>>> print(open('data26.tsv').read())   # TSV, C-alpha atoms and all ligand atoms
chain	number	residue	atom	x	y	z
A	1	MET	CA	0.00	0.00	0.00
A	2	LYS	CA	2.81	2.37	1.02
A	3	ASP	CA	4.73	1.63	-2.19
A	4	LEU	CA	1.56	2.15	-4.21
A	5	VAL	CA	0.95	5.60	-2.69
A	6	LEU	CA	4.62	6.55	-3.07
A	7	SER	CA	4.77	5.55	-6.72
A	8	TRP	CA	1.44	7.35	-7.39
A	9	LEU	CA	2.92	10.54	-5.90
A	10	ASP	CA	6.28	10.00	-7.60
A	11	GLU	CA	4.67	9.73	-11.02
A	12	ARG	CA	2.99	13.08	-10.52
A	13	TYR	CA	5.40	15.08	-8.38
A	14	LYS	CA	8.87	13.53	-8.96
A	15	LEU	CA	9.12	12.62	-5.28
A	16	SER	CA	12.18	10.46	-5.89
A	17	SER	CA	14.28	13.46	-6.94
A	18	PHE	CA	13.40	15.16	-3.65
A	19	LEU	CA	14.31	12.01	-1.69
A	20	GLU	CA	17.54	11.76	-3.67
A	21	TRP	CA	18.37	15.38	-2.79
A	22	ALA	CA	17.55	14.75	0.91
A	23	ARG	CA	19.77	11.64	0.92
A	24	HIS	CA	22.76	13.58	-0.36
A	25	LYS	CA	22.40	16.85	1.53
A	26	THR	CA	25.15	17.28	4.13
A	27	VAL	CA	26.21	19.86	6.71
A	28	PRO	CA	29.90	20.73	7.20
A	29	VAL	CA	31.37	19.82	10.60
A	30	HIS	CA	33.91	22.26	12.05
A	31	ARG	CA	34.43	24.39	15.15
A	32	TRP	CA	31.55	26.70	14.23
A	33	THR	CA	28.96	24.06	13.28
A	34	ILE	CA	26.95	24.98	16.41
A	35	PHE	CA	26.14	28.34	14.78
A	36	TYR	CA	24.26	26.54	12.00
A	37	TYR	CA	21.47	25.80	14.50
A	38	THR	CA	20.67	29.47	15.14
A	39	GLY	CA	18.74	29.87	11.86
A	40	GLY	CA	16.62	26.81	12.69
A	41	VAL	CA	15.77	28.24	16.12
A	42	CYS	CA	14.63	31.50	14.43
A	43	LEU	CA	12.41	29.45	12.11
A	44	PHE	CA	10.91	27.53	15.04
A	45	LEU	CA	10.18	30.70	17.01
A	46	PHE	CA	8.53	32.23	13.94
A	47	LEU	CA	6.28	29.16	13.67
A	48	VAL	CA	5.40	29.48	17.37
A	49	GLN	CA	4.40	33.10	16.69
A	50	ILE	CA	2.14	32.12	13.80
A	51	ALA	CA	0.46	29.32	15.80
A	52	THR	CA	-0.11	31.34	19.00
A	53	GLY	CA	-1.04	34.44	16.97
A	54	ILE	CA	-3.83	32.52	15.19
A	55	LEU	CA	-5.16	31.29	18.55
A	56	LEU	CA	-5.13	34.83	20.00
A	57	LEU	CA	-6.92	36.14	16.90
A	58	MET	CA	-9.93	33.94	17.72
A	59	TYR	CA	-10.79	36.18	20.68
A	60	TYR	CA	-8.97	39.47	20.03
A	61	ARG	CA	-11.27	42.32	18.91
A	62	VAL	CA	-9.50	45.35	17.51
A	63	GLY	CA	-10.74	48.82	18.55
A	64	ALA	CA	-10.10	51.50	21.18
A	65	GLU	CA	-13.20	50.24	23.05
A	66	SER	CA	-12.58	46.51	22.62
A	67	SER	CA	-8.86	45.68	22.32
A	68	TYR	CA	-7.99	46.00	26.01
A	69	GLU	CA	-11.22	44.29	27.08
A	70	SER	CA	-10.71	41.36	24.68
A	71	VAL	CA	-7.12	40.81	25.88
A	72	ARG	CA	-8.39	40.87	29.48
A	73	PHE	CA	-11.02	38.32	28.46
A	74	ILE	CA	-8.30	36.15	26.86
A	75	THR	CA	-6.13	36.23	29.98
A	76	SER	CA	-8.91	35.78	32.54
A	77	GLN	CA	-11.71	33.76	30.89
A	78	VAL	CA	-10.38	31.78	27.93
A	79	GLU	CA	-8.90	28.43	28.90
A	80	PHE	CA	-5.11	28.67	28.61
A	81	GLY	CA	-5.57	32.09	27.00
A	82	TRP	CA	-3.11	33.63	29.49
A	83	LEU	CA	-0.58	30.97	28.49
A	84	MET	CA	-0.97	31.61	24.75
A	85	ARG	CA	-0.59	35.36	25.26
A	86	SER	CA	2.44	34.88	27.48
A	87	VAL	CA	4.06	32.40	25.05
A	88	HIS	CA	3.39	34.81	22.14
A	89	SER	CA	5.05	37.69	24.01
A	90	TRP	CA	8.05	35.73	25.28
A	91	ALA	CA	8.65	33.99	21.95
A	92	ALA	CA	8.54	37.39	20.18
A	93	ASN	CA	11.38	38.65	22.36
A	94	LEU	CA	13.37	35.44	22.01
A	95	LEU	CA	12.86	35.54	18.24
A	96	ILE	CA	14.45	38.98	17.96
A	97	PHE	CA	17.27	37.88	20.28
A	98	PHE	CA	17.96	34.78	18.16
A	99	VAL	CA	17.72	36.67	14.86
A	100	LEU	CA	20.40	39.03	16.22
A	101	ALA	CA	22.48	36.06	17.45
A	102	HIS	CA	22.07	34.32	14.05
A	103	MET	CA	23.14	37.51	12.28
A	104	PHE	CA	26.20	38.02	14.48
A	105	SER	CA	27.27	34.39	14.09
A	106	ILE	CA	27.06	34.81	10.29
A	107	PHE	CA	29.25	37.88	10.69
A	108	VAL	CA	31.82	36.01	12.83
A	109	MET	CA	31.95	33.11	10.32
A	110	ARG	CA	32.06	35.60	7.40
A	111	SER	CA	29.31	33.49	5.81
A	112	TYR	CA	27.84	36.59	4.14
A	113	ARG	CA	30.70	36.64	1.61
A	114	SER	CA	30.31	35.71	-2.04
A	115	PRO	CA	28.19	33.89	-3.19
A	116	ARG	CA	25.88	34.44	-0.13
A	117	GLU	CA	25.43	38.23	-0.37
A	118	LEU	CA	21.69	37.95	-1.00
A	119	SER	CA	21.19	35.53	1.92
A	120	TRP	CA	22.59	38.34	4.09
A	121	VAL	CA	20.47	41.05	2.43
A	122	THR	CA	17.23	39.03	2.77
A	123	GLY	CA	18.25	38.31	6.39
A	124	CYS	CA	18.60	42.05	7.10
A	125	PHE	CA	15.09	42.66	5.75
A	126	LEU	CA	13.84	39.80	7.95
A	127	LEU	CA	15.36	41.51	11.00
A	128	GLY	CA	13.53	44.71	9.99
A	129	LEU	CA	10.27	42.76	9.62
A	130	MET	CA	10.71	41.09	13.03
A	131	MET	CA	11.25	44.50	14.67
A	132	ALA	CA	8.16	45.85	12.87
A	133	PHE	CA	6.21	42.85	14.24
A	134	GLY	CA	7.41	43.78	17.74
A	135	PHE	CA	6.55	47.47	17.37
A	136	SER	CA	3.09	46.92	15.88
A	137	GLY	CA	2.19	44.09	18.28
A	138	TYR	CA	3.15	46.14	21.32
A	139	LEU	CA	0.21	48.53	20.77
A	140	LEU	CA	-2.45	45.86	20.26
A	141	PRO	CA	-3.44	45.31	23.96
A	142	TRP	CA	-4.14	49.09	24.06
A	143	ASN	CA	-2.70	49.45	27.54
A	144	GLU	CA	-1.07	52.51	29.08
A	145	LEU	CA	2.52	51.43	28.48
A	146	ALA	CA	1.89	50.48	24.85
A	147	TYR	CA	0.00	53.69	24.13
A	148	PHE	CA	2.70	56.05	25.36
A	149	ALA	CA	5.59	53.98	23.98
A	150	THR	CA	3.88	54.10	20.54
A	151	LYS	CA	3.37	57.84	20.89
A	152	VAL	CA	7.10	58.34	21.60
A	153	GLY	CA	8.12	55.84	18.90
A	154	THR	CA	5.96	57.36	16.17
A	155	ASP	CA	7.00	60.90	17.19
A	156	ILE	CA	10.44	59.99	15.77
A	157	VAL	CA	8.88	59.50	12.32
A	158	GLY	CA	7.54	63.05	12.55
A	159	GLN	CA	11.07	64.41	13.05
A	160	LEU	CA	12.15	63.34	9.55
A	161	PRO	CA	12.80	66.24	7.18
A	162	VAL	CA	10.42	66.97	4.28
A	163	ALA	CA	8.06	63.95	4.49
A	164	GLY	CA	8.04	63.67	8.34
A	165	GLY	CA	4.60	65.23	8.92
A	166	TRP	CA	3.00	63.27	6.11
A	167	LEU	CA	4.58	60.00	7.27
A	168	LEU	CA	3.45	60.60	10.85
A	169	LYS	CA	-0.15	60.97	9.66
A	170	LEU	CA	0.18	57.87	7.51
A	171	VAL	CA	1.48	55.76	10.42
A	172	ARG	CA	-0.96	57.12	13.01
A	173	GLY	CA	-3.98	57.55	10.76
A	174	GLY	CA	-4.24	61.15	12.00
A	175	GLU	CA	-2.37	63.62	14.18
A	176	GLU	CA	-2.55	61.53	17.37
A	177	VAL	CA	-2.33	57.88	18.45
A	178	THR	CA	-6.01	56.79	18.37
A	179	GLY	CA	-8.20	53.84	17.44
A	180	ALA	CA	-7.22	54.56	13.81
A	181	THR	CA	-3.56	53.88	14.71
A	182	LEU	CA	-4.63	50.67	16.42
A	183	SER	CA	-6.47	49.50	13.27
A	184	ARG	CA	-3.44	50.24	11.09
A	185	PHE	CA	-1.06	48.43	13.42
A	186	PHE	CA	-3.46	45.49	13.59
A	187	GLY	CA	-3.63	45.17	9.79
A	188	LEU	CA	0.14	45.39	9.61
A	189	HIS	CA	0.65	42.86	12.40
A	190	VAL	CA	-1.78	40.14	11.31
A	191	ALA	CA	-1.81	40.46	7.51
A	192	ILE	CA	0.93	42.47	5.83
A	193	LEU	CA	3.91	41.49	8.02
A	194	PRO	CA	3.08	37.74	8.24
A	195	ALA	CA	2.63	37.56	4.44
A	196	ALA	CA	5.87	39.48	3.77
A	197	ALA	CA	7.85	37.51	6.38
A	198	THR	CA	6.60	34.12	5.10
A	199	CYS	CA	7.59	34.98	1.52
A	200	LEU	CA	10.98	36.37	2.59
A	201	ILE	CA	11.78	33.38	4.83
A	202	GLY	CA	10.92	31.16	1.85
A	203	VAL	CA	13.37	33.07	-0.38
A	204	HIS	CA	16.03	33.11	2.39
A	205	LEU	CA	15.79	29.33	2.84
A	206	LEU	CA	15.77	28.77	-0.91
A	207	PHE	CA	19.07	30.68	-1.20
A	208	VAL	CA	20.55	28.62	1.65
A	209	GLN	CA	19.41	25.37	0.00
A	210	VAL	CA	20.70	26.27	-3.45
A	211	GLN	CA	24.13	27.34	-2.20
A	212	GLY	CA	24.56	24.88	0.67
A	213	MET	CA	26.13	25.85	3.99
A	214	SER	CA	29.24	28.02	4.02
A	215	HIS	CA	32.64	26.53	4.96
A	216	GLY	CA	31.71	23.30	3.20
A	217	GLU	CA	34.95	23.50	1.20
A	218	ASP	CA	37.35	23.68	4.14
A	219	ALA	CA	35.47	21.41	6.60
A	220	LYS	CA	37.26	18.15	7.44
A	221	ALA	CA	34.00	16.19	7.77
A	222	HIS	CA	30.31	16.41	6.82
A	223	MET	CA	27.23	15.00	8.55
A	224	PRO	CA	24.06	13.91	6.73
A	225	PHE	CA	21.30	16.55	6.91
A	226	PHE	CA	18.68	13.78	7.23
A	227	PRO	CA	18.45	12.48	9.88
A	228	ASN	CA	21.54	13.66	11.86
A	229	PHE	CA	21.23	17.44	11.55
A	230	VAL	CA	17.43	17.51	11.50
A	231	LEU	CA	17.18	15.42	14.70
A	232	ARG	CA	19.61	17.75	16.48
A	233	ASP	CA	17.59	20.71	15.20
A	234	LEU	CA	14.35	19.17	16.53
A	235	ALA	CA	15.95	18.45	19.92
A	236	LEU	CA	16.95	22.09	20.16
A	237	TRP	CA	13.43	23.20	19.20
A	238	LEU	CA	12.12	21.09	22.07
A	239	VAL	CA	14.55	22.79	24.46
A	240	ALA	CA	13.44	26.20	23.12
A	241	LEU	CA	9.76	25.25	23.63
A	242	ASN	CA	10.53	24.26	27.23
A	243	VAL	CA	12.37	27.51	27.91
A	244	ILE	CA	9.46	29.56	26.48
A	245	CYS	CA	6.89	27.62	28.55
A	246	VAL	CA	8.90	28.02	31.77
A	247	LEU	CA	9.25	31.77	31.13
A	248	ALA	CA	5.57	32.11	30.19
A	249	VAL	CA	4.36	30.26	33.29
A	250	PHE	CA	6.69	31.79	35.88
A	251	PHE	CA	6.77	35.30	34.41
A	252	PRO	CA	3.33	35.77	32.79
A	253	TRP	CA	3.05	38.83	30.57
A	254	GLU	CA	1.42	41.77	32.38
A	255	LEU	CA	-1.56	43.63	30.90
A	256	GLY	CA	-1.48	46.74	33.09
A	257	LEU	CA	-4.03	49.56	32.88
A	258	LYS	CA	-6.12	50.55	29.88
A	259	ALA	CA	-4.71	53.37	27.69
A	260	ASP	CA	-6.11	56.80	28.46
A	261	ALA	CA	-5.08	59.65	26.18
A	262	LEU	CA	-6.18	62.23	28.75
A	263	LYS	CA	-3.83	60.94	31.43
A	264	SER	CA	-0.18	62.05	31.51
A	265	ALA	CA	2.46	59.48	30.55
A	266	PRO	CA	3.53	57.30	33.48
A	267	ALA	CA	7.11	57.90	34.68
A	268	GLY	CA	9.92	55.87	33.10
A	269	ILE	CA	8.12	54.99	29.87
A	270	LYS	CA	10.53	53.02	27.67
A	271	PRO	CA	10.40	51.03	24.45
A	272	GLU	CA	11.13	47.30	24.23
A	273	TRP	CA	14.78	46.29	24.80
A	274	TYR	CA	15.55	46.00	21.07
A	275	PHE	CA	14.70	49.67	20.50
A	276	LEU	CA	16.41	50.91	23.68
A	277	SER	CA	19.82	51.64	22.10
A	278	GLN	CA	18.28	53.92	19.44
A	279	TYR	CA	16.01	55.53	22.03
A	280	GLN	CA	18.91	56.22	24.41
A	281	LEU	CA	21.06	57.65	21.62
A	282	LEU	CA	18.27	60.09	20.65
A	283	LYS	CA	17.83	61.03	24.31
A	284	VAL	CA	21.48	61.98	24.86
A	285	MET	CA	22.00	63.86	21.59
A	286	PRO	CA	22.64	67.60	22.14
A	287	ALA	CA	19.74	69.88	21.14
A	288	ARG	CA	21.58	71.16	18.05
A	289	ILE	CA	24.77	70.26	16.19
A	290	LEU	CA	25.82	72.71	13.45
A	291	LEU	CA	22.32	74.25	13.54
A	292	VAL	CA	20.71	70.86	12.78
A	293	PRO	CA	18.51	69.34	15.55
A	294	GLY	CA	20.34	66.58	17.48
A	295	GLU	CA	17.48	64.10	16.97
A	296	LEU	CA	17.88	64.44	13.22
A	297	TRP	CA	21.58	63.56	13.55
A	298	GLY	CA	20.54	60.54	15.61
A	299	ILE	CA	18.06	59.38	12.95
A	300	PHE	CA	20.69	59.94	10.27
A	301	LEU	CA	23.16	57.86	12.31
A	302	PHE	CA	20.74	54.88	12.55
A	303	GLY	CA	19.97	55.15	8.84
A	304	ALA	CA	23.67	55.16	7.95
A	305	ALA	CA	24.42	52.27	10.33
A	306	GLY	CA	21.49	50.25	8.94
A	307	GLY	CA	22.66	50.90	5.36
A	308	ALA	CA	26.23	49.87	6.24
A	309	VAL	CA	24.99	46.59	7.78
A	310	LEU	CA	22.73	45.86	4.79
A	311	LEU	CA	25.58	46.42	2.32
A	312	LEU	CA	28.27	44.67	4.41
A	313	PRO	CA	28.96	41.89	1.86
A	314	PHE	CA	29.74	44.52	-0.78
A	315	TRP	CA	32.09	46.88	1.09
A	316	ASP	CA	33.69	43.93	2.92
A	317	SER	CA	35.43	42.92	-0.31
A	318	LEU	CA	36.93	46.42	-0.65
A	319	ILE	CA	38.38	46.21	2.87
A	320	ARG	CA	39.78	42.74	2.16
A	321	ALA	CA	41.33	43.89	-1.10
A	322	ARG	CA	43.31	46.46	0.91
A	323	GLY	CA	44.45	43.82	3.44
A	324	LYS	CA	42.59	45.53	6.33
A	325	GLU	CA	40.55	42.51	7.40
A	326	ARG	CA	41.15	43.04	11.13
A	327	TRP	CA	39.19	46.31	10.90
A	328	LEU	CA	36.08	44.24	10.26
A	329	ASP	CA	36.39	42.63	13.69
A	330	VAL	CA	37.06	46.00	15.32
A	331	LEU	CA	33.95	47.44	13.63
A	332	GLY	CA	31.70	44.43	14.32
A	333	TRP	CA	32.63	43.90	17.97
A	334	GLY	CA	32.75	47.69	18.51
A	335	ALA	CA	29.19	48.06	17.13
A	336	LEU	CA	27.99	45.18	19.34
A	337	ALA	CA	29.63	46.68	22.45
A	338	ALA	CA	28.23	50.18	21.72
A	339	THR	CA	24.70	48.81	21.14
A	340	ALA	CA	24.86	46.71	24.33
A	341	ALA	CA	26.20	49.68	26.35
A	342	LEU	CA	23.45	52.01	25.04
A	343	THR	CA	20.81	49.34	25.79
A	344	VAL	CA	22.00	48.87	29.39
A	345	TRP	CA	22.28	52.66	29.82
A	346	GLY	CA	18.75	53.11	28.44
A	347	HIS	CA	17.45	50.41	30.81
A	348	LEU	CA	19.10	51.93	33.88
A	349	SER	CA	18.40	55.61	33.21
B	401	LIG	C1	13.27	35.21	10.81
B	401	LIG	C2	14.55	35.36	10.58
B	401	LIG	C3	15.47	34.31	10.00
B	401	LIG	C4	15.25	32.98	9.77
B	401	LIG	C5	13.99	32.16	10.06
B	401	LIG	C6	16.48	32.44	9.20
B	401	LIG	C7	16.68	31.10	8.87
B	401	LIG	C8	17.88	30.58	8.42
B	401	LIG	C9	18.19	29.18	8.30
B	401	LIG	C10	17.25	28.02	8.72
B	401	LIG	C11	19.44	29.07	7.80
B	401	LIG	C12	20.24	27.75	7.57
B	401	LIG	C13	20.93	27.33	8.88
B	401	LIG	C14	21.89	28.34	9.46
B	401	LIG	O1	22.89	28.71	8.83
B	401	LIG	O2	21.65	28.80	10.60
B	401	LIG	C15	19.94	30.39	7.55
B	401	LIG	C16	21.17	30.70	6.97
B	401	LIG	C17	21.64	31.99	6.72
B	401	LIG	N1	21.06	33.16	7.19
B	401	LIG	FE1	19.26	33.31	8.12
B	401	LIG	N2	17.39	33.45	9.05
B	401	LIG	C18	16.83	34.61	9.54
B	401	LIG	C19	17.44	35.85	9.63
B	401	LIG	C20	18.70	36.15	9.12
B	401	LIG	C21	19.41	37.41	9.29
B	401	LIG	C22	18.89	38.60	10.12
B	401	LIG	C23	20.59	37.32	8.59
B	401	LIG	C24	21.67	38.35	8.40
B	401	LIG	C25	21.48	39.61	8.24
B	401	LIG	C26	20.64	36.01	7.97
B	401	LIG	C27	21.64	35.54	7.12
B	401	LIG	C28	21.85	34.22	6.77
B	401	LIG	C29	22.96	33.72	5.97
B	401	LIG	C30	24.07	34.55	5.29
B	401	LIG	C31	22.83	32.32	5.95
B	401	LIG	C32	23.79	31.31	5.27
B	401	LIG	C33	24.70	30.75	6.34
B	401	LIG	C34	25.72	29.73	5.86
B	401	LIG	O3	25.64	29.29	4.71
B	401	LIG	O4	26.58	29.40	6.67
B	401	LIG	N3	19.51	35.32	8.35
B	401	LIG	N4	18.97	31.30	7.94
>>> encode(input="data26.tsv", output="structure tokens", more="lines below")
Ligand code: HEM
Amino acid sequence: MKDLVLSWLDERYKLSSFLEWARHKTVPVHRWTIFYYTGGVCLFLFLVQIATGILLLMYYRVGAESSYESVRFITSQVEFGWLMRSVHSWAANLLIFFVLAHMFSIFVMRSYRSPRELSWVTGCFLLGLMMAFGFSGYLLPWNELAYFATKVGTDIVGQLPVAGGWLLKLVRGGEEVTGATLSRFFGLHVAILPAAATCLIGVHLLFVQVQGMSHGEDAKAHMPFFPNFVLRDLALWLVALNVICVLAVFFPWELGLKADALKSAPAGIKPEWYFLSQYQLLKVMPARILLVPGELWGIFLFGAAGGAVLLLPFWDSLIRARGKERWLDVLGWGALAATAALTVWGHLS
């Protein structure tokens, strides 16, 4: 019976060529092989987000008069609703942490170099999408913290020269953060971003499949992808699931008070940890540098840093051609240390 089904499928979909590919796919074994698991963990956490997000959607009702109430209903009335919300929030944070870890490990291994430039570029866009998921999702419970953090966050858009005012209105759906902002963020969070991220992850994985893993040429040994690497990947996913569940149960995500535009912002309002370094930099910029507002310099600095990271595979070859490779490490580790220091500073201040 099994052979009959397999041959029926094979006739139509060339299953044997897929099995042949799976049988021959290998993963290089060397001192950095452990880093190859970081991408898989990102993928797993993304799947957790999709699954828990769909479950939350069954009860979430978007609107300034219903968002907060529906989240309170989820956490207090729906069976295991509190757990799904807590898992969704913890996994979101872990996802961004692991995407950053995956990215930095690629940098350390220099895996972004030719021919993998576009794997790096698609990865950078994925990081942007994951941060947009975080920013848009933060507002959805319509609580006090989210409301004021979104107000501060979107204010930055308004600082941009020329199109700033127009962009601010586009993002907020008006002059202020209101129910219209909530609807926009909801559409972004549950439709546009998931569709874009799914397509981009597909392209990213396709590139990785077509080119194989980096360092294959100089590795002394290779392990079969099926089942050796996949089983190790799955074991790690199980560990990740356990960690998320322990965090979600012992540190359930708070809901806080409902947003109230008429109230003043509570003291110490801060964005999520992955936006803290940018936030702190903007906070400590002098009011004006060479007649230009400090905040604008700050925004320009992020833009330039983001552009430099995106185009790393292309300017890296120029640095190498001049024999200045060690500058790459100085730049990479320096950027990591500066970001970490600004994040800690932002958290403490
Ligand atoms: C949701 C986000 C992401 C997912 C799900 C994801 C997934 C993966 C997977 C499964 C692999 C193969 C295994 C591995 O090398 O770890 C991979 C490889 C790769 N990823 Fe990502 N990735 C993401 C984000 C990123 C980011 C932010 C970057 C860099 C900016 C990046 C750059 C790369 C590169 C260059 C490779 C090839 C590595 C090699 O051949 O050694 N990825 N990714």
>>> closest_residue(input="data26.tsv", among="A:Gln77, A:Thr52, A:Ser66, A:Thr150", to="Tyr138 (chain A)", atoms="all atoms listed in the file")
A:Thr150
>>> residues_near_ligand(input="data26.tsv", ligand="ligand LIG 401 (chain B)", cutoff="6 Å", atoms="all atoms listed in the file", output="mmCIF file with C-alpha atoms, in the frame of the given file")
data_model
loop_
_atom_site.group_PDB
_atom_site.id
_atom_site.type_symbol
_atom_site.label_atom_id
_atom_site.label_comp_id
_atom_site.auth_asym_id
_atom_site.auth_seq_id
_atom_site.Cartn_x
_atom_site.Cartn_y
_atom_site.Cartn_z
ATOM 1 C CA TYR A 36 24.260 26.540 12.000
ATOM 2 C CA TYR A 37 21.470 25.800 14.500
ATOM 3 C CA THR A 38 20.670 29.470 15.140
ATOM 4 C CA GLY A 39 18.740 29.870 11.860
ATOM 5 C CA GLY A 40 16.620 26.810 12.690
ATOM 6 C CA CYS A 42 14.630 31.500 14.430
ATOM 7 C CA LEU A 43 12.410 29.450 12.110
ATOM 8 C CA VAL A 99 17.720 36.670 14.860
ATOM 9 C CA MET A 103 23.140 37.510 12.280
ATOM 10 C CA ILE A 106 27.060 34.810 10.290
ATOM 11 C CA SER A 111 29.310 33.490 5.810
ATOM 12 C CA TYR A 112 27.840 36.590 4.140
ATOM 13 C CA ARG A 116 25.880 34.440 -0.130
ATOM 14 C CA SER A 119 21.190 35.530 1.920
ATOM 15 C CA TRP A 120 22.590 38.340 4.090
ATOM 16 C CA GLY A 123 18.250 38.310 6.390
ATOM 17 C CA CYS A 124 18.600 42.050 7.100
ATOM 18 C CA LEU A 126 13.840 39.800 7.950
ATOM 19 C CA LEU A 127 15.360 41.510 11.000
ATOM 20 C CA ILE A 201 11.780 33.380 4.830
ATOM 21 C CA LEU A 205 15.790 29.330 2.840
ATOM 22 C CA VAL A 208 20.550 28.620 1.650
ATOM 23 C CA MET A 213 26.130 25.850 3.990
ATOM 24 C CA SER A 214 29.240 28.020 4.020
#
>>> residues_around(input="data26.tsv", residues="Thr339 (chain A)", least_positions_apart="3", cutoff="6 Å", atoms="only C-alpha atoms", output="PDB file with C-alpha atoms, in the coordinates of the input")
ATOM      1  CA  SER A 277      19.820  51.640  22.100  1.00  0.00           C
ATOM      2  CA  LEU A 336      27.990  45.180  19.340  1.00  0.00           C
ATOM      3  CA  LEU A 342      23.450  52.010  25.040  1.00  0.00           C
TER       4      LEU A 342
END
>>> closest_residue(input="data26.tsv", among="A:Phe46, A:Phe314, A:Tyr59, A:Phe229", to="Val87 (chain A)", atoms="all atoms listed in the file")
A:Phe46
>>> closest_atom_pairs(input="data26.tsv", of="region 99-175 of chain A", to="region 242-257 of chain A", cutoff="10 Å", atoms="only C-alpha atoms", output="tab-separated table")
residue	atom	partner	partner_atom	distance
A:Pro141	CA	A:Leu255	CA	7.4
A:Trp142	CA	A:Leu257	CA	8.8
A:Asn143	CA	A:Leu257	CA	5.5
A:Glu144	CA	A:Leu257	CA	5.6
A:Leu145	CA	A:Gly256	CA	7.7
A:Ala146	CA	A:Gly256	CA	9.7
>>> residues_around(input="data26.tsv", residues="Gly164 (chain A)", least_positions_apart="5", cutoff="12 Å", atoms="all atoms listed in the file", output="list in words")
Thr154, Asp155, Ile156, Val157, Gly158, Gln159, Lys169, Leu170, Val171, Glu175, Leu296 and Ile299 of chain A
